[in-house]
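Q: The following file, query04.txt, comprises compact mmCIF, C-alpha atoms:
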```txt
# COMPACT_ATOMS: atom_id res chain seq x y z
CA MET A 1 26.52 -19.54 -7.43
CA SER A 2 28.46 -18.18 -10.36
CA THR A 3 25.98 -17.70 -13.17
CA SER A 4 26.73 -14.99 -15.71
CA ASP A 5 24.06 -12.76 -14.12
CA ASP A 6 25.70 -12.96 -10.74
CA LEU A 7 29.06 -12.11 -12.27
CA GLY A 8 27.49 -9.10 -14.02
CA ASP A 9 26.11 -7.88 -10.70
CA LEU A 10 29.43 -8.47 -9.01
CA ARG A 11 31.35 -6.53 -11.71
CA ALA A 12 28.83 -3.68 -11.48
CA VAL A 13 29.11 -3.40 -7.72
CA ALA A 14 32.90 -3.78 -7.81
CA ALA A 15 33.08 -0.78 -10.16
CA LEU A 16 31.92 1.37 -7.25
CA SER A 17 34.86 0.57 -4.98
CA ASP A 18 36.80 3.62 -6.25
CA ASP A 19 35.85 6.69 -4.17
CA VAL A 20 35.78 9.17 -7.06
CA ARG A 21 33.80 6.80 -9.26
CA ARG A 22 31.30 6.16 -6.47
CA ALA A 23 30.88 9.92 -6.03
CA ALA A 24 30.34 10.24 -9.79
CA TYR A 25 27.60 7.60 -9.63
CA GLN A 26 25.94 9.40 -6.72
CA ALA A 27 26.06 12.71 -8.59
CA VAL A 28 24.26 11.17 -11.55
CA ALA A 29 21.80 9.09 -9.49
CA THR A 30 20.66 11.99 -7.34
CA ALA A 31 20.01 14.16 -10.40
CA ALA A 32 17.40 11.67 -11.67
CA PRO A 33 15.22 11.85 -13.61
CA ASP A 34 17.33 14.51 -15.40
CA PRO A 35 20.42 13.27 -17.25
CA VAL A 36 23.68 15.08 -16.48
CA GLY A 37 26.76 15.93 -18.50
CA ARG A 38 30.47 15.54 -17.81
CA ASP A 39 30.93 19.21 -16.89
CA GLU A 40 28.28 19.05 -14.18
CA VAL A 41 29.73 15.90 -12.66
CA ALA A 42 33.27 17.33 -12.79
CA ALA A 43 32.07 20.47 -11.03
CA ALA A 44 30.13 18.51 -8.41
CA LEU A 45 33.18 16.36 -7.64
CA GLY A 46 35.78 19.10 -7.92
CA VAL A 47 37.81 17.09 -10.43
CA GLY A 48 38.86 17.72 -14.01
CA ARG A 49 36.54 17.03 -16.91
CA THR A 50 38.79 14.29 -18.30
CA LEU A 51 38.85 12.40 -15.00
CA ALA A 52 35.07 12.75 -14.60
CA ALA A 53 34.56 11.44 -18.15
CA PHE A 54 36.87 8.48 -17.46
CA HIS A 55 34.87 7.40 -14.42
CA LEU A 56 31.49 8.05 -16.04
CA ASP A 57 32.40 5.86 -19.00
CA LYS A 58 33.67 3.11 -16.68
CA LEU A 59 30.26 3.23 -14.98
CA VAL A 60 28.56 2.86 -18.37
CA ASP A 61 30.80 -0.14 -19.15
CA ALA A 62 29.78 -1.69 -15.82
CA GLY A 63 26.09 -1.24 -16.66
CA LEU A 64 25.40 1.17 -13.81
CA LEU A 65 24.88 4.23 -16.01
CA GLU A 66 23.37 4.73 -19.46
CA ALA A 67 24.75 7.27 -21.90
CA SER A 68 22.87 9.32 -24.46
CA TYR A 69 23.66 12.30 -26.67
CA ALA A 70 21.66 15.50 -26.82
CA ARG A 71 22.15 19.11 -27.78
CA ARG A 72 22.03 21.21 -24.65
CA SER A 73 20.26 24.53 -24.84
CA GLY A 74 21.76 27.76 -23.59
CA ARG A 75 25.28 27.09 -24.86
CA THR A 76 27.21 29.54 -26.99
CA GLY A 77 30.66 29.62 -28.50
CA PRO A 78 32.71 26.96 -30.27
CA GLY A 79 31.29 23.47 -29.88
CA ALA A 80 27.92 24.73 -28.66
CA GLY A 81 26.12 22.94 -31.47
CA ARG A 82 27.78 19.59 -30.78
CA PRO A 83 25.63 17.04 -28.91
CA ALA A 84 26.80 16.50 -25.33
CA LYS A 85 27.23 13.05 -23.81
CA LEU A 86 24.71 12.73 -21.00
CA TYR A 87 24.43 10.13 -18.27
CA ARG A 88 21.61 8.70 -16.23
CA ALA A 89 21.40 5.83 -13.75
CA ALA A 90 20.44 2.48 -15.27
CA ALA A 91 17.05 1.21 -14.14
CA GLU A 92 18.31 -2.28 -13.48
CA GLU A 93 18.89 -3.13 -9.82
CA ARG A 94 22.12 -4.82 -8.76
CA ALA A 95 22.48 -6.98 -5.72
CA VAL A 96 25.30 -9.17 -4.57
CA SER A 97 24.99 -11.46 -1.60
CA VAL A 98 27.80 -13.57 -0.25
CA PRO A 99 26.86 -16.24 0.70
CA PRO A 100 23.73 -16.45 -1.51
CA ARG A 101 20.61 -15.04 0.14
CA ALA A 102 17.16 -14.42 -1.36
CA TYR A 103 15.64 -11.66 0.74
CA ARG A 104 13.84 -10.12 -2.26
CA SER A 105 11.97 -13.36 -2.84
CA ALA A 106 11.12 -13.53 0.85
CA ALA A 107 9.86 -9.93 0.77
CA ALA A 108 7.56 -10.71 -2.16
CA LEU A 109 6.11 -13.75 -0.39
CA LEU A 110 5.54 -11.77 2.79
CA ALA A 111 3.90 -8.92 0.87
CA GLU A 112 1.55 -11.32 -0.86
CA ALA A 113 0.67 -12.91 2.48
CA VAL A 114 -0.06 -9.49 4.01
CA GLU A 115 -2.29 -8.67 1.06
CA ARG A 116 -4.16 -11.94 1.09
CA SER A 117 -4.71 -11.96 4.84
CA GLY A 118 -5.63 -8.26 4.96
CA ALA A 119 -2.92 -7.49 7.54
CA GLU A 120 -2.00 -4.06 6.14
CA ALA A 121 -2.95 -2.23 9.35
CA VAL A 122 -0.40 -4.24 11.33
CA LEU A 123 2.24 -3.63 8.66
CA HIS A 124 1.57 0.11 8.91
CA GLU A 125 1.96 -0.01 12.71
CA VAL A 126 5.21 -1.94 12.47
CA SER A 127 6.54 0.42 9.78
CA TYR A 128 5.66 3.54 11.77
CA GLU A 129 7.33 2.19 14.89
CA HIS A 130 10.44 1.18 12.92
CA GLY A 131 10.59 4.61 11.28
CA ARG A 132 10.22 6.39 14.61
CA ARG A 133 13.12 4.46 16.12
CA ALA A 134 15.28 4.93 13.01
CA GLY A 135 14.57 8.68 12.94
CA THR A 136 15.35 9.30 16.59
CA GLY A 137 18.63 11.10 17.24
CA GLY A 138 19.65 11.07 13.58
CA PRO A 139 20.06 13.91 11.08
CA GLY A 140 17.22 16.32 10.43
CA GLY A 141 15.87 16.47 13.95
CA PRO A 142 16.36 19.01 16.74
CA GLY A 143 19.33 17.06 18.10
CA GLY A 144 20.77 16.24 14.71
CA GLY A 145 21.98 18.31 11.80
CA MET A 146 20.50 21.51 10.45
CA GLY A 147 19.18 20.10 7.20
CA GLY A 148 15.62 19.41 8.37
CA PRO A 149 13.45 16.72 6.79
CA GLY A 150 15.48 16.70 3.56
CA GLU A 151 18.60 15.60 5.37
CA LEU A 152 16.61 13.04 7.35
CA LEU A 153 15.11 11.53 4.20
CA ALA A 154 18.45 11.59 2.33
CA ALA A 155 20.00 9.62 5.20
CA HIS A 156 17.40 6.91 4.56
CA GLY A 157 17.95 6.63 0.81
CA TYR A 158 15.05 8.68 -0.62
CA HIS A 159 16.93 11.31 -2.74
CA PRO A 160 14.76 14.23 -1.62
CA VAL A 161 14.34 17.26 -3.89
CA ALA A 162 12.78 20.29 -2.19
CA SER A 163 10.75 22.91 -4.01
CA GLY A 164 8.95 25.53 -1.99
CA GLY A 165 7.26 23.85 0.93
CA ARG A 166 7.19 20.45 -0.72
CA ILE A 167 9.73 17.63 -0.95
CA GLU A 168 9.59 15.03 -3.70
CA LEU A 169 11.47 11.79 -3.23
CA ARG A 170 13.26 10.80 -6.42
CA ASN A 171 14.18 7.32 -5.21
CA CYS A 172 11.89 4.60 -3.95
CA PRO A 173 13.90 2.34 -1.63
CA PHE A 174 11.35 -0.42 -2.24
CA HIS A 175 11.05 0.12 -5.98
CA ARG A 176 10.59 -3.38 -7.37
CA LEU A 177 8.42 -4.56 -4.49
CA ALA A 178 6.32 -1.37 -4.69
CA ALA A 179 5.70 -2.02 -8.39
CA GLU A 180 4.50 -5.53 -7.58
CA PHE A 181 2.38 -4.69 -4.51
CA PRO A 182 1.57 -0.97 -4.75
CA PRO A 183 -1.10 -0.55 -2.03
CA VAL A 184 0.75 -2.76 0.46
CA VAL A 185 4.28 -1.44 -0.06
CA CYS A 186 3.40 2.23 -0.70
CA GLY A 187 1.23 2.17 2.43
CA MET A 188 4.14 0.66 4.34
CA ASN A 189 6.43 3.34 2.97
CA LEU A 190 4.07 6.17 3.95
CA ALA A 191 3.90 4.86 7.53
CA LEU A 192 7.69 4.52 7.58
CA VAL A 193 8.24 8.14 6.47
CA GLU A 194 5.65 9.35 8.99
CA GLY A 195 7.54 7.44 11.66
CA LEU A 196 10.90 8.91 10.56
CA LEU A 197 9.51 12.46 10.82
CA ALA A 198 7.98 11.74 14.23
CA GLY A 199 11.17 10.10 15.51
CA ALA A 200 13.28 13.07 14.41
CA GLY A 201 10.86 15.48 16.06
CA VAL A 202 9.87 17.10 12.76
CA ASP A 203 6.36 18.35 13.50
CA ASP A 204 5.98 21.08 10.88
CA TRP A 205 6.22 18.76 7.86
CA ALA A 206 3.77 15.99 6.98
CA ALA A 207 4.05 12.99 4.67
CA ARG A 208 1.20 12.18 2.34
CA MET A 209 0.41 9.69 -0.39
CA ASP A 210 0.96 11.62 -3.63
CA ALA A 211 1.52 8.99 -6.30
CA ALA A 212 3.11 9.82 -9.67
CA PRO A 213 5.21 7.87 -12.16
CA GLY A 214 8.98 7.84 -11.82
CA ARG A 215 9.39 8.72 -8.16
CA CYS A 216 8.43 7.63 -4.65
CA CYS A 217 4.65 7.65 -4.02
CA VAL A 218 5.10 9.77 -0.88
CA THR A 219 5.76 13.52 -0.76
CA VAL A 220 6.47 15.61 2.33
CA GLN A 221 4.81 18.98 2.71
CA GLN A 222 5.36 21.83 5.10
CA THR A 223 2.37 22.37 7.35
CA LYS A 224 1.18 25.73 8.60
CA ASN A 225 1.63 25.16 12.31
CA LYS A 226 5.35 25.90 12.40
CA SER A 227 6.42 25.21 15.96
CA ASP A 228 9.55 26.21 17.80
CA MET B 1 -4.65 1.26 -33.22
CA THR B 2 -4.80 -1.55 -30.73
CA ALA B 3 -7.00 -4.46 -31.65
CA SER B 4 -7.58 -5.37 -28.03
CA HIS B 5 -8.75 -3.67 -24.90
CA LEU B 6 -7.74 -4.72 -21.42
CA ALA B 7 -10.58 -5.89 -19.17
CA GLN B 8 -10.29 -5.47 -15.40
CA PHE B 9 -12.50 -7.20 -12.83
CA ASN B 10 -12.19 -6.67 -9.08
CA VAL B 11 -14.15 -8.06 -6.15
CA ALA B 12 -14.21 -6.80 -2.55
CA ARG B 13 -16.06 -7.99 0.56
CA LEU B 14 -17.57 -5.13 2.56
CA ARG B 15 -16.92 -4.90 6.31
CA ALA B 16 -20.26 -3.16 6.74
CA PRO B 17 -23.18 -2.09 4.53
CA LEU B 18 -22.51 0.96 2.37
CA ASP B 19 -24.91 3.11 4.45
CA HIS B 20 -23.06 2.23 7.67
CA PRO B 21 -20.87 5.01 9.14
CA SER B 22 -17.73 2.88 8.79
CA SER B 23 -18.23 2.81 5.01
CA ALA B 24 -18.40 6.62 4.83
CA GLY B 25 -14.77 7.00 3.69
CA PHE B 26 -15.30 4.56 0.86
CA MET B 27 -18.55 6.22 -0.20
CA ALA B 28 -16.94 9.68 -0.06
CA GLY B 29 -14.22 8.57 -2.48
CA MET B 30 -16.39 6.62 -4.90
CA ASP B 31 -17.66 9.40 -7.15
CA PRO B 32 -14.29 11.23 -7.29
CA MET B 33 -12.48 7.99 -8.12
CA ASN B 34 -15.02 7.04 -10.80
CA ASP B 35 -14.75 10.56 -12.26
CA LEU B 36 -10.95 10.27 -12.23
CA ALA B 37 -11.18 6.94 -14.08
CA ASP B 38 -13.58 8.38 -16.66
CA ARG B 39 -11.18 11.18 -17.57
CA SER B 40 -7.98 9.12 -17.33
CA PRO B 41 -6.02 8.59 -20.57
CA GLY B 42 -6.83 5.18 -22.03
CA PHE B 43 -10.13 4.68 -20.16
CA VAL B 44 -12.71 2.95 -22.37
CA TRP B 45 -15.70 1.80 -20.32
CA ARG B 46 -16.86 0.73 -16.88
CA LEU B 47 -19.82 -1.26 -15.68
CA THR B 48 -22.64 0.72 -14.07
CA GLU B 49 -26.01 -0.25 -12.70
CA ASP B 50 -29.01 0.94 -14.71
CA GLY B 51 -29.82 4.50 -13.76
CA LYS B 52 -26.71 4.94 -11.58
CA ASP B 53 -23.10 5.99 -12.08
CA ASN B 54 -21.60 3.07 -10.16
CA ALA B 55 -21.79 -0.72 -9.92
CA THR B 56 -22.17 -1.13 -6.15
CA GLY B 57 -25.68 -2.56 -6.54
CA ILE B 58 -24.47 -5.41 -8.77
CA ARG B 59 -23.61 -8.28 -6.42
CA PRO B 60 -23.32 -11.57 -8.28
CA ILE B 61 -21.06 -13.31 -5.73
CA ALA B 62 -22.60 -12.56 -2.34
CA PRO B 63 -24.75 -9.83 -0.75
CA ASP B 64 -21.67 -8.27 0.86
CA VAL B 65 -19.32 -8.52 -2.15
CA ILE B 66 -19.15 -5.56 -4.55
CA ILE B 67 -17.45 -5.58 -7.95
CA THR B 68 -15.85 -3.33 -10.54
CA LEU B 69 -15.56 -4.21 -14.22
CA SER B 70 -13.87 -1.89 -16.72
CA LEU B 71 -12.06 -1.67 -20.06
CA TRP B 72 -8.80 0.15 -20.82
CA GLU B 73 -6.71 0.74 -23.93
CA SER B 74 -3.61 -0.79 -22.34
CA LEU B 75 -2.13 -2.28 -19.20
CA GLU B 76 -0.11 0.91 -18.71
CA ALA B 77 -3.23 3.07 -18.89
CA LEU B 78 -4.89 1.04 -16.14
CA ARG B 79 -1.69 0.97 -14.10
CA ALA B 80 -1.35 4.77 -14.33
CA TYR B 81 -4.88 5.24 -13.02
CA ALA B 82 -4.78 2.53 -10.37
CA TYR B 83 -1.30 3.07 -8.94
CA HIS B 84 0.09 6.43 -10.11
CA SER B 85 -2.81 8.71 -9.24
CA GLU B 86 -4.88 9.73 -6.21
CA HIS B 87 -6.50 6.32 -6.54
CA LEU B 88 -3.46 4.72 -4.85
CA ASP B 89 -4.32 6.36 -1.53
CA TYR B 90 -7.89 5.06 -1.85
CA LEU B 91 -6.48 1.57 -2.43
CA ARG B 92 -4.08 1.96 0.49
CA ARG B 93 -7.05 2.50 2.82
CA ARG B 94 -9.05 -0.47 1.52
CA ARG B 95 -8.85 -2.49 4.76
CA GLU B 96 -10.83 0.21 6.51
CA TRP B 97 -13.76 -0.85 4.38
CA PHE B 98 -13.08 -4.35 3.06
CA LEU B 99 -12.35 -7.75 4.56
CA PRO B 100 -10.10 -10.41 3.08
CA HIS B 101 -12.60 -12.33 0.97
CA GLY B 102 -10.98 -15.75 1.12
CA LEU B 103 -10.58 -16.00 -2.65
CA PRO B 104 -7.11 -16.61 -4.13
CA ALA B 105 -7.47 -13.49 -6.27
CA ALA B 106 -9.34 -10.19 -5.95
CA LEU B 107 -8.31 -8.81 -9.34
CA VAL B 108 -8.18 -10.40 -12.77
CA LEU B 109 -7.15 -8.94 -16.13
CA TRP B 110 -7.68 -10.24 -19.67
CA TRP B 111 -7.75 -8.99 -23.26
CA VAL B 112 -10.97 -8.54 -25.24
CA PRO B 113 -11.36 -7.64 -28.93
CA VAL B 114 -12.09 -3.95 -29.43
CA GLY B 115 -15.84 -3.40 -29.68
CA LEU B 116 -16.85 -6.17 -27.31
CA THR B 117 -17.99 -5.49 -23.76
CA PRO B 118 -17.34 -8.20 -21.18
CA THR B 119 -20.26 -9.53 -19.16
CA VAL B 120 -20.27 -10.11 -15.41
CA ASP B 121 -20.63 -13.85 -16.04
CA GLU B 122 -17.51 -13.84 -18.20
CA ALA B 123 -15.65 -11.82 -15.57
CA LEU B 124 -16.57 -14.37 -12.90
CA GLU B 125 -15.25 -17.15 -15.14
CA ARG B 126 -11.96 -15.28 -15.63
CA LEU B 127 -11.55 -14.78 -11.87
CA ASP B 128 -12.26 -18.46 -11.31
CA LEU B 129 -9.76 -19.41 -14.02
CA LEU B 130 -7.06 -17.25 -12.41
CA GLY B 131 -7.75 -18.89 -9.06
CA THR B 132 -7.53 -22.43 -10.38
CA ALA B 133 -4.89 -22.20 -13.13
CA GLY B 134 -2.82 -19.21 -12.00
CA PRO B 135 -1.87 -16.40 -14.42
CA THR B 136 -2.35 -17.37 -18.09
CA PRO B 137 -2.98 -15.29 -21.23
CA ARG B 138 -6.73 -15.75 -20.59
CA ALA B 139 -6.68 -14.50 -16.99
CA PHE B 140 -3.73 -12.68 -15.47
CA THR B 141 -2.52 -10.04 -13.03
CA PHE B 142 -0.34 -6.93 -12.93
CA ARG B 143 2.43 -9.00 -11.36
CA GLN B 144 2.38 -11.50 -14.20
CA PRO B 145 0.87 -9.81 -17.26
CA PHE B 146 0.56 -11.18 -20.80
CA PRO B 147 0.72 -9.08 -23.98
CA ALA B 148 -2.33 -8.39 -26.08
CA PRO B 149 -2.85 -10.97 -28.84
CA THR B 150 -1.15 -9.84 -32.05
CA GLY B 151 -3.01 -12.04 -34.52
CA PRO B 152 -6.69 -11.91 -35.38
CA ALA B 153 -8.65 -11.71 -32.14
CA VAL B 154 -9.93 -15.07 -30.99
CA LEU B 155 -13.07 -15.23 -28.92
CA ALA B 156 -11.64 -17.41 -26.19
```
As structure tokens, please, write out the structure in this file.

A:
Amino acid sequence: MSTSDDLGDLRAVAALSDDVRRAAYQAVATAAPDPVGRDEVAAALGVGRTLAAFHLDKLVDAGLLEASYARRSGRTGPGAGRPAKLYRAAAEERAVSVPPRAYRSAAALLAEAVERSGAEAVLHEVSYEHGRRAGTGGPGGPGGGMGGPGELLAAHGYHPVASGGRIELRNCPFHRLAAEFPPVVCGMNLALVEGLLAGAGVDDWAARMDAAPGRCCVTVQQTKNKSD
Amino acid sequence: MTASHLAQFNVARLRAPLDHPSSAGFMAGMDPMNDLADRSPGFVWRLTEDGKDNATGIRPIAPDVIITLSLWESLEALRAYAYHSEHLDYLRRRREWFLPHGLPAALVLWWVPVGLTPTVDEALERLDLLGTAGPTPRAFTFRQPFPAPTGPAVLA
């Protein structure tokens, strides 16, 4: 179990063991799909620009980030016309399992079996129940933090971005599987988010299927019946 | 300009006749989804029954199996309509209206030379080929696609 691919994944994941570098990766990943510059990451982390640049370039070397150059609008003064180095998260997924495990392959087989047998309704039930348990007592609910559904969804890996009464989810936790089995996996995901909201006691926001390229197929919208 | 269009053929076994109350959700979505397809980027053509705007009356497999057959400029154009639009929610709800049909595949894709329109008989052959031989350049799926032929189009 030491093919070159596995070693690449291992090196990529190992690059995240430094706390500052991991924070730099998070700062870039959560800004997706917009690329971010060194100044923004330095400000987000509260570190100097040189240190931010060092870690960002290490992440590029590890294959976790991709760099590009672009002129940024709205700049004035010396150097304003120079292209800035911008970073975005690489699309490739990295996974390391020790000892070797193949859960992704198992997930694909199970998804195909659900599709072929027409068992989606059961999958939705199971997902809703799992979400409800996972959402109970965690962040975002009445007994948890003050962040509401955004905090709840962030705690489960969705990278929520709120705008008005609507939350888009910039990360799909099931990305590759969702691309292979969209109705099955996106339906599962919708039921899961509905369960999370119910478990956390969030009754004035509702999840709906709202598919678009480049983000999770589910959005969460504020409903009118605000309760207290 | 692409020299090939992507053909899409889908079959689905109805739980109940289309005029049954349990098919109401499917019927309510049919015209909006067909309209959405018609104005989607990369849409080329879809099969309709004479005098109607849908193909639900064309049932070459069994009395309770309906079909769709359409042409698109690219795999990405079809993917954007099928999976990155309101159509995804319609697909998500398909078990409310359709039963597993017992066939190895419900959807088959293949490339056709621009200007040709696939027939239902050809579509049935492609679905059969996918079921027996698995994904090949002549009959494939979204999960295992094949690129459009680059040379002169061959009438396979």

Q: Define the interface residues of chain B facing chain A as those within 9 Å, counting all atoms listed in the file, and report them as a PyMOL selection string.

A: chain B and resi 80+83-96+98-106+142-143

Q: Give as a list in words every residue, naming chains and numbers as the document does, that has an atom within 10 Å of (-0.5, -7.7, -26.0), counting all atoms listed in the file.

A: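 Residues with an atom close enough to that point: Thr2, Ala3, Ser4, His5, Leu6, Ser74, Leu75, Trp110, Trp111, Pro137, Pro145, Phe146, Pro147, Ala148, Pro149, Thr150 and Gly151 of chain B.
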
Q: I want to know what sits within 12 Å of Val65 in chain B, based on all atoms listed in the file, with residues of the same chain fewer than 4 positions away left out; could you give that as a list of chain:residue names?

A: B:Asn10, B:Val11, B:Ala12, B:Arg13, B:Leu14, B:Arg15, B:Ala16, B:Pro17, B:Leu18, B:Ala55, B:Thr56, B:Gly57, B:Ile58, B:Arg59, B:Pro60, B:Ile61, B:Trp97, B:Phe98, B:Leu99, B:Pro100, B:His101, B:Gly102, B:Leu103, B:Ala106

Q: Calculated over all atoms listed in the file, which of the candidates A:Val47, A:Arg104, A:Leu56, A:Val36 has the smallest distance to Ala84 in chain A?

A: A:Val36

Q: Which value, in Å to one decimal, gives the distance between CA of Ala198 in chain A and CA of Ser163 in chain A?

A: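 These two atoms are separated by 21.6 Å.
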
Q: What separation in Å, quoted to one decimal, exists between CA of Asn34 in chain B and CA of Glu125 in chain B?

A: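 Between CA of Asn34 in chain B and CA of Glu125 in chain B the gap is 24.6 Å.
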
Q: Can you measure CA of Ala23 in chain A to CA of Gly137 in chain A for me? One decimal in Å is fine.

A: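 Going from CA of Ala23 in chain A over to CA of Gly137 in chain A covers 26.3 Å.
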
Q: List the neighbours of Arg132 in chain A out to 6 Å using only C-alpha atoms; skip same-chain residues closer than 3 positions along the sequence, and give me the result as a list in words.

A: Glu129, Gly135, Gly195, Leu196, Ala198 and Gly199 of chain A

Q: Go ahead and save the residues from that selection, with C-alpha atoms, as an mmCIF file, in the coordinates of the input.

A:
```
data_model
loop_
_atom_site.group_PDB
_atom_site.id
_atom_site.type_symbol
_atom_site.label_atom_id
_atom_site.label_comp_id
_atom_site.auth_asym_id
_atom_site.auth_seq_id
_atom_site.Cartn_x
_atom_site.Cartn_y
_atom_site.Cartn_z
ATOM 1 C CA GLU A 129 7.330 2.190 14.890
ATOM 2 C CA GLY A 135 14.570 8.680 12.940
ATOM 3 C CA GLY A 195 7.540 7.440 11.660
ATOM 4 C CA LEU A 196 10.900 8.910 10.560
ATOM 5 C CA ALA A 198 7.980 11.740 14.230
ATOM 6 C CA GLY A 199 11.170 10.100 15.510
#
```

Q: When you count only C-alpha atoms, which of these residues is closest to Ser105 in chain A: A:Leu177, A:Cys172, A:Ala43, A:Val20?

A: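 Closest residue, counting only C-alpha atoms: A:Leu177.
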
Q: For a quick check of understanding, using all atoms listed in the file, which of B:Ile66, B:Ala28, B:Leu47, B:Leu36 has the smallest distance to Thr119 in chain B?

A: B:Leu47

Q: Between A:Arg72, A:Ala106, A:Thr223, A:Glu194, which one has atoms that come closest to Tyr128 in chain A, using only C-alpha atoms?

A: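 Closest to Tyr128 in chain A of all the choices is A:Glu194.
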
Q: Hey, could you make a per-residue contact list for range 126-209 of chain A against range 86-98 of chain A with 12 Å as the cut-off, showing the nearest pair of atoms and its distance in Å to one decimal, counting only C-alpha atoms, sorted by chain and number, as a Markdown table?

A:
```
| residue | atom | partner | partner_atom | distance |
| --- | --- | --- | --- | --- |
| A:Asn171 | CA | A:Ala91 | CA | 11.2 |
| A:Cys172 | CA | A:Ala91 | CA | 11.9 |
| A:Pro173 | CA | A:Glu93 | CA | 11.0 |
| A:Phe174 | CA | A:Glu93 | CA | 11.0 |
| A:His175 | CA | A:Glu93 | CA | 9.3 |
| A:Arg176 | CA | A:Glu93 | CA | 8.7 |
| A:Leu177 | CA | A:Glu93 | CA | 11.8 |
```
